[in-house]
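Structure first, commentary second.
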Amino acid sequence: MRVRFAPSPTGQLHVGNARTALFNWLLAHGKDGTFILRIEDTDAERSTRESEAGILEDLRWLGLDWDEGPDVGGLHGPYRQSERLHLYASYANELLTGDHAYYCFCSPSRLDEERKADLAAGRPPKYHGTCRSISIEDARARIDAGERPVIRFKIPENVDIAFQDLVRGEVTFSSDVIGDPVIVRSDGRPQYNFAVVVDDALMEITHVIRGEDHISNTPRQVLLYRALGFTPPEFAHLSLVMGPDHTPLSKRHGATSVYEFRERGYLPEALVNYLALIGWSPGGDQELLPIQELARRFALEDVGHSAGVFDPEKLAWMNRHYMKEAAPARLAAETARFFLARGYLRRRTDEGMEYLISVLPMAVGSVDRLEEIPDRLKFLFEFDPIAALAREEVAGVLHEAGARDVIAALPDAIDRPLADRESFRAMANRVKDRTGMKAKALFHPIRIALTGEGGGPELDLAVPAIERGAALPSSAGVAPIVACRERAVAFAAAVTRR
RNA sequence: GCCGCUAUCGUCUAGGGGUCAGGACACGUGGUUCUCAGCCACGGGACCGGGGUUCGAAUCCCCGUAGCGGUACCA
């Protein structure tokens, strides 16, 4: 089995296309097949090397590695259509001499008028076949005289073209609704439908798995295979991914490219797992599955027929799951950039990374994305009693019975750094004895005094983290962290002054 | 317009002539003796409409309707 993913390098990798790539990859890996990456860059105006590089990077990030492709080579290369132009020219010529194709000199404006007339008359708009009868000798003479024709493929009249779609079953089109398609443009570049057929045939692709938007291209491709003397591959058309309003997923729905998801702090395994579940079900009740297991269970027969809505909430849920599963060291490596951006980390040092690793677990699992972690841990690096008390969330706690007493008792109770859970608990007990406050009435004021926030990670974890951070030398490259005692003093003073 | 594809909770889906129509996300309620988040438990919530076939249809067939795709010298 040989499958391929064939993106156009005209922008970032869209999650819908990533899903197509994933399904191909899953099939290849579940069936011991070969996964090929081919770059469809015949649209010279829109294709760029930058987006090609970006797409390759995104695919690798997702873990969708390929066996043959533009960068790794292979026996069926080259793997960029722009480097295969001679092949298309040669096959176009074959079609021309075999009377399966002809030169067409019709002007765009004439074509446009015909199309409008067809539409107005309620006919399917298609090429009228004006140039079909021009002999190849006459055509060559006109070319020599300077005209620049396109080459069209002859669609036989009045035949049904049927193919077996591995996800949808038999699909039939009448050739009468298909006009003779352009296969080579006037500038000599091949048109999509033609290039794909030549490439898929030459690359010996056995299963073409692609988006549903290609389903109506398939009949003309099947005809092309036959005219070229190739056996058509198996086809499978995947339904498209939609936005919540059931229109094609686009920028106005939020993030749509793999790159954006990566930038926002989604883990690749979360995106992969989520994408696999749009339009496919592994069966059973278990949805959280590693990519290898997805591959093991994947079957085209189980792929759904209808379009799926992309649900960022469910992706977020999966991302939380995978963040909790990820090793802290990996998480720290992935998250450091966000801490750097916020200034919480001034540079990457071993000591700074160790600190990150120690504090990350209390934040992970309560946020949707890595990007949100610094905010969840903001209390470590930013402590400003005045600003905190200006917020209702914090100031409101002062009205709770005994809150002011607890806050006043705090500085003296913290007679040494609260380096671990036990010393924090012991300190809390001292305040409890002194003020008579307990449970919420005790801990809530302690929280605002020590963190400046009304909510946040468990104090058992948060307080020792503050003290560990405060003990860090400046060489650790971590933004200065104020110790608990100092915090308590400053906060109590701010409350009194108020 | 024409051609094609599609149709189960709000969303992703399982099921596929007789099921209490199952699960997940989201939502609601409660719990988790510091909070938010999380987590746990419980709960509400669906077979597009109409015909047919059948003892019986969400399931098969037909017709509607709706959504999507195509109808390019884009891919």
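Ligands are numbered from 1 in the order shown, residues from 1 within each chain, and chains are lettered A, B, ... in the order they appear in the structure tokens.
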With chain A as the partner and 7 Å as the cut-off, tabulate the residues of chain B that qualify, each row holding the nearest pair of atoms and their distance in Å to one decimal, using only C-alpha atoms (C1' of nucleotides), sorted by chain and rising number, as CSV.
residue,atom,partner,partner_atom,distance
B:G1,C1',A:Gly122,CA,4.9
B:C2,C1',A:Pro124,CA,4.7
B:C3,C1',A:Val177,CA,6.7
B:G4,C1',A:Ser216,CA,6.6
B:U6,C1',A:Ser306,CA,5.1
B:U11,C1',A:Asp311,CA,6.5
B:C12,C1',A:Ile278,CA,6.2
B:U13,C1',A:Ser281,CA,6.7
B:A14,C1',A:Gly283,CA,7.0
B:G23,C1',A:Asp285,CA,5.3
B:C25,C1',A:Lys314,CA,4.8
B:C34,C1',A:Phe443,CA,4.4
B:U35,C1',A:Gly455,CA,4.6
B:C36,C1',A:Gly455,CA,4.6
B:A37,C1',A:Ser366,CA,4.7
B:G38,C1',A:Ser366,CA,5.0
B:G69,C1',A:Asp213,CA,5.1
B:G70,C1',A:Ser216,CA,5.6
B:U71,C1',A:Pro125,CA,6.7
B:C73,C1',A:Arg185,CA,4.7
B:A75,C1',A:Tyr192,CA,6.4
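Here the question is which of B:G10, B:G22, B:G31, B:G17 gets nearest to U53 of chain B using only C-alpha atoms (C1' of nucleotides), and that residue is B:G17.
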Just want the 12 Å neighbourhood of U65 of chain B, counted on only C-alpha atoms (C1' of nucleotides), with same-chain residues fewer than 4 positions away dropped. Output as a PyMOL selection string. chain B and resi 7+48-50
Could you pull out the residues in segment 164-366 of chain A that DSSP calls strand (DSSP E or B) from the backbone, as a ChimeraX atom specification? /A:164-165,169-174,182-184,190,207-211,234-238,241-242,248,257,280,303,308-309,345
For those residues, write N, CA and C atoms to a file as a tab-separated table (two decimals), in the first residue's frame.
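Contents of selection.tsv, as written:
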chain	number	residue	atom	x	y	z
A	164	GLN	N	-15.51	3.18	-7.31
A	164	GLN	CA	-15.81	2.73	-5.95
A	164	GLN	C	-15.08	3.64	-4.97
A	165	ASP	N	-15.82	4.30	-4.14
A	165	ASP	CA	-15.20	5.12	-3.12
A	165	ASP	C	-15.17	4.29	-1.85
A	169	GLY	N	-18.83	4.21	-1.11
A	169	GLY	CA	-19.43	3.23	-2.00
A	169	GLY	C	-19.37	3.71	-3.44
A	170	GLU	N	-20.25	3.18	-4.28
A	170	GLU	CA	-20.15	3.55	-5.70
A	170	GLU	C	-20.64	4.97	-5.93
A	171	VAL	N	-19.86	5.71	-6.69
A	171	VAL	CA	-20.23	7.07	-7.05
A	171	VAL	C	-20.25	7.14	-8.58
A	172	THR	N	-21.32	7.70	-9.12
A	172	THR	CA	-21.47	7.76	-10.57
A	172	THR	C	-21.69	9.19	-11.06
A	173	PHE	N	-21.01	9.52	-12.13
A	173	PHE	CA	-21.23	10.81	-12.79
A	173	PHE	C	-21.50	10.56	-14.26
A	174	SER	N	-22.28	11.41	-14.86
A	174	SER	CA	-22.45	11.33	-16.31
A	174	SER	C	-21.41	12.22	-16.97
A	182	VAL	N	-9.05	21.65	-19.11
A	182	VAL	CA	-7.71	22.07	-19.48
A	182	VAL	C	-6.72	21.19	-18.71
A	183	ILE	N	-5.77	20.62	-19.40
A	183	ILE	CA	-4.76	19.85	-18.68
A	183	ILE	C	-3.39	20.54	-18.70
A	184	VAL	N	-3.19	21.37	-19.71
A	184	VAL	CA	-1.96	22.16	-19.74
A	184	VAL	C	-2.35	23.60	-20.06
A	190	PRO	N	1.15	22.41	-16.06
A	190	PRO	CA	0.06	21.45	-16.01
A	190	PRO	C	-1.04	21.92	-15.08
A	207	HIS	N	-3.76	4.07	-2.92
A	207	HIS	CA	-4.97	4.59	-2.30
A	207	HIS	C	-4.90	6.10	-2.23
A	208	VAL	N	-5.83	6.73	-2.91
A	208	VAL	CA	-5.88	8.18	-2.88
A	208	VAL	C	-6.92	8.58	-1.84
A	209	ILE	N	-6.42	9.12	-0.73
A	209	ILE	CA	-7.33	9.53	0.34
A	209	ILE	C	-7.22	11.03	0.46
A	210	ARG	N	-8.30	11.71	0.20
A	210	ARG	CA	-8.26	13.16	0.13
A	210	ARG	C	-9.60	13.72	0.54
A	211	GLY	N	-9.70	15.05	0.54
A	211	GLY	CA	-10.92	15.71	0.96
A	211	GLY	C	-12.06	15.52	-0.04
A	234	GLU	N	-7.38	3.08	-5.74
A	234	GLU	CA	-8.59	3.13	-4.93
A	234	GLU	C	-8.76	4.58	-4.49
A	235	PHE	N	-10.00	4.99	-4.36
A	235	PHE	CA	-10.26	6.35	-3.89
A	235	PHE	C	-11.02	6.33	-2.58
A	236	ALA	N	-10.75	7.31	-1.76
A	236	ALA	CA	-11.53	7.49	-0.54
A	236	ALA	C	-11.65	8.99	-0.30
A	237	HIS	N	-12.86	9.46	-0.19
A	237	HIS	CA	-13.06	10.91	0.02
A	237	HIS	C	-13.57	11.20	1.42
A	238	LEU	N	-12.82	12.03	2.09
A	238	LEU	CA	-13.10	12.38	3.48
A	238	LEU	C	-13.99	13.62	3.54
A	241	VAL	N	-14.11	19.48	7.32
A	241	VAL	CA	-14.22	19.98	8.70
A	241	VAL	C	-14.84	21.37	8.68
A	242	MET	N	-15.87	21.56	9.50
A	242	MET	CA	-16.62	22.81	9.50
A	242	MET	C	-16.42	23.60	10.79
A	248	PRO	N	-17.39	26.20	6.15
A	248	PRO	CA	-16.01	25.68	6.19
A	248	PRO	C	-15.17	26.41	7.22
A	257	SER	N	-4.90	26.92	11.74
A	257	SER	CA	-3.70	26.27	11.23
A	257	SER	C	-2.97	25.54	12.36
A	280	TRP	N	-14.31	9.91	12.35
A	280	TRP	CA	-13.90	8.52	12.53
A	280	TRP	C	-14.03	8.17	14.01
A	303	VAL	N	-14.85	5.22	8.47
A	303	VAL	CA	-14.84	6.67	8.38
A	303	VAL	C	-16.25	7.16	8.07
A	308	GLY	N	-17.89	17.21	9.77
A	308	GLY	CA	-17.83	17.35	11.22
A	308	GLY	C	-17.50	18.77	11.64
A	309	VAL	N	-18.07	19.17	12.75
A	309	VAL	CA	-17.79	20.51	13.27
A	309	VAL	C	-16.59	20.44	14.23
A	345	LEU	N	10.85	34.52	33.20
A	345	LEU	CA	12.14	33.87	33.02
A	345	LEU	C	12.95	34.85	32.19
What's around G43 of chain B at 12 Å? Count only C-alpha atoms (C1' of nucleotides), leave out sequence neighbours fewer than 5 positions away in its own chain, and write the answer as a list of chain:residue names. B:C27, B:G28, B:U29, B:G30
Would you mind exporting the chosen residues as a PDB file, in the first residue's frame, restricted to C-alpha atoms (C1' of nucleotides)?
ATOM      1  C1'   C B  27     -24.393  22.094  29.954  1.00  0.00           C
ATOM      2  C1'   G B  28     -27.078  21.628  35.000  1.00  0.00           C
ATOM      3  C1'   U B  29     -26.952  19.833  40.233  1.00  0.00           C
ATOM      4  C1'   G B  30     -24.142  17.950  44.221  1.00  0.00           C
TER       5        G B  30
END
How many Å separate atom CA of Met1 of chain A from atom CA of Ala92 of chain A? 27.4 Å
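The closest residue to G16 of chain B, picked from B:A57, B:A72, B:C40, B:G67 and counting only C-alpha atoms (C1' of nucleotides), is B:A57.
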Report, in Å to a single decimal, how far apart atom CA of Arg369 of chain A and atom CA of Lys324 of chain A are. 11.0 Å
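The residue set within 9 Å of A58 of chain B, counting only C-alpha atoms (C1' of nucleotides) and dropping same-chain residues fewer than 6 places from it, reads U8, G16, A21 and C47 of chain B.
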Deliver the residues from the most recent selection as a file, using C-alpha atoms (C1' of nucleotides), as a compact mmCIF listing (two decimals), in the first residue's frame.
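What landed in selection_8.txt:
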# COMPACT_ATOMS: atom_id res chain seq x y z
C1' U B 8 -28.62 10.03 15.47
C1' G B 16 -27.95 -0.55 11.81
C1' A B 21 -30.89 4.36 21.17
C1' C B 47 -32.67 9.11 15.21
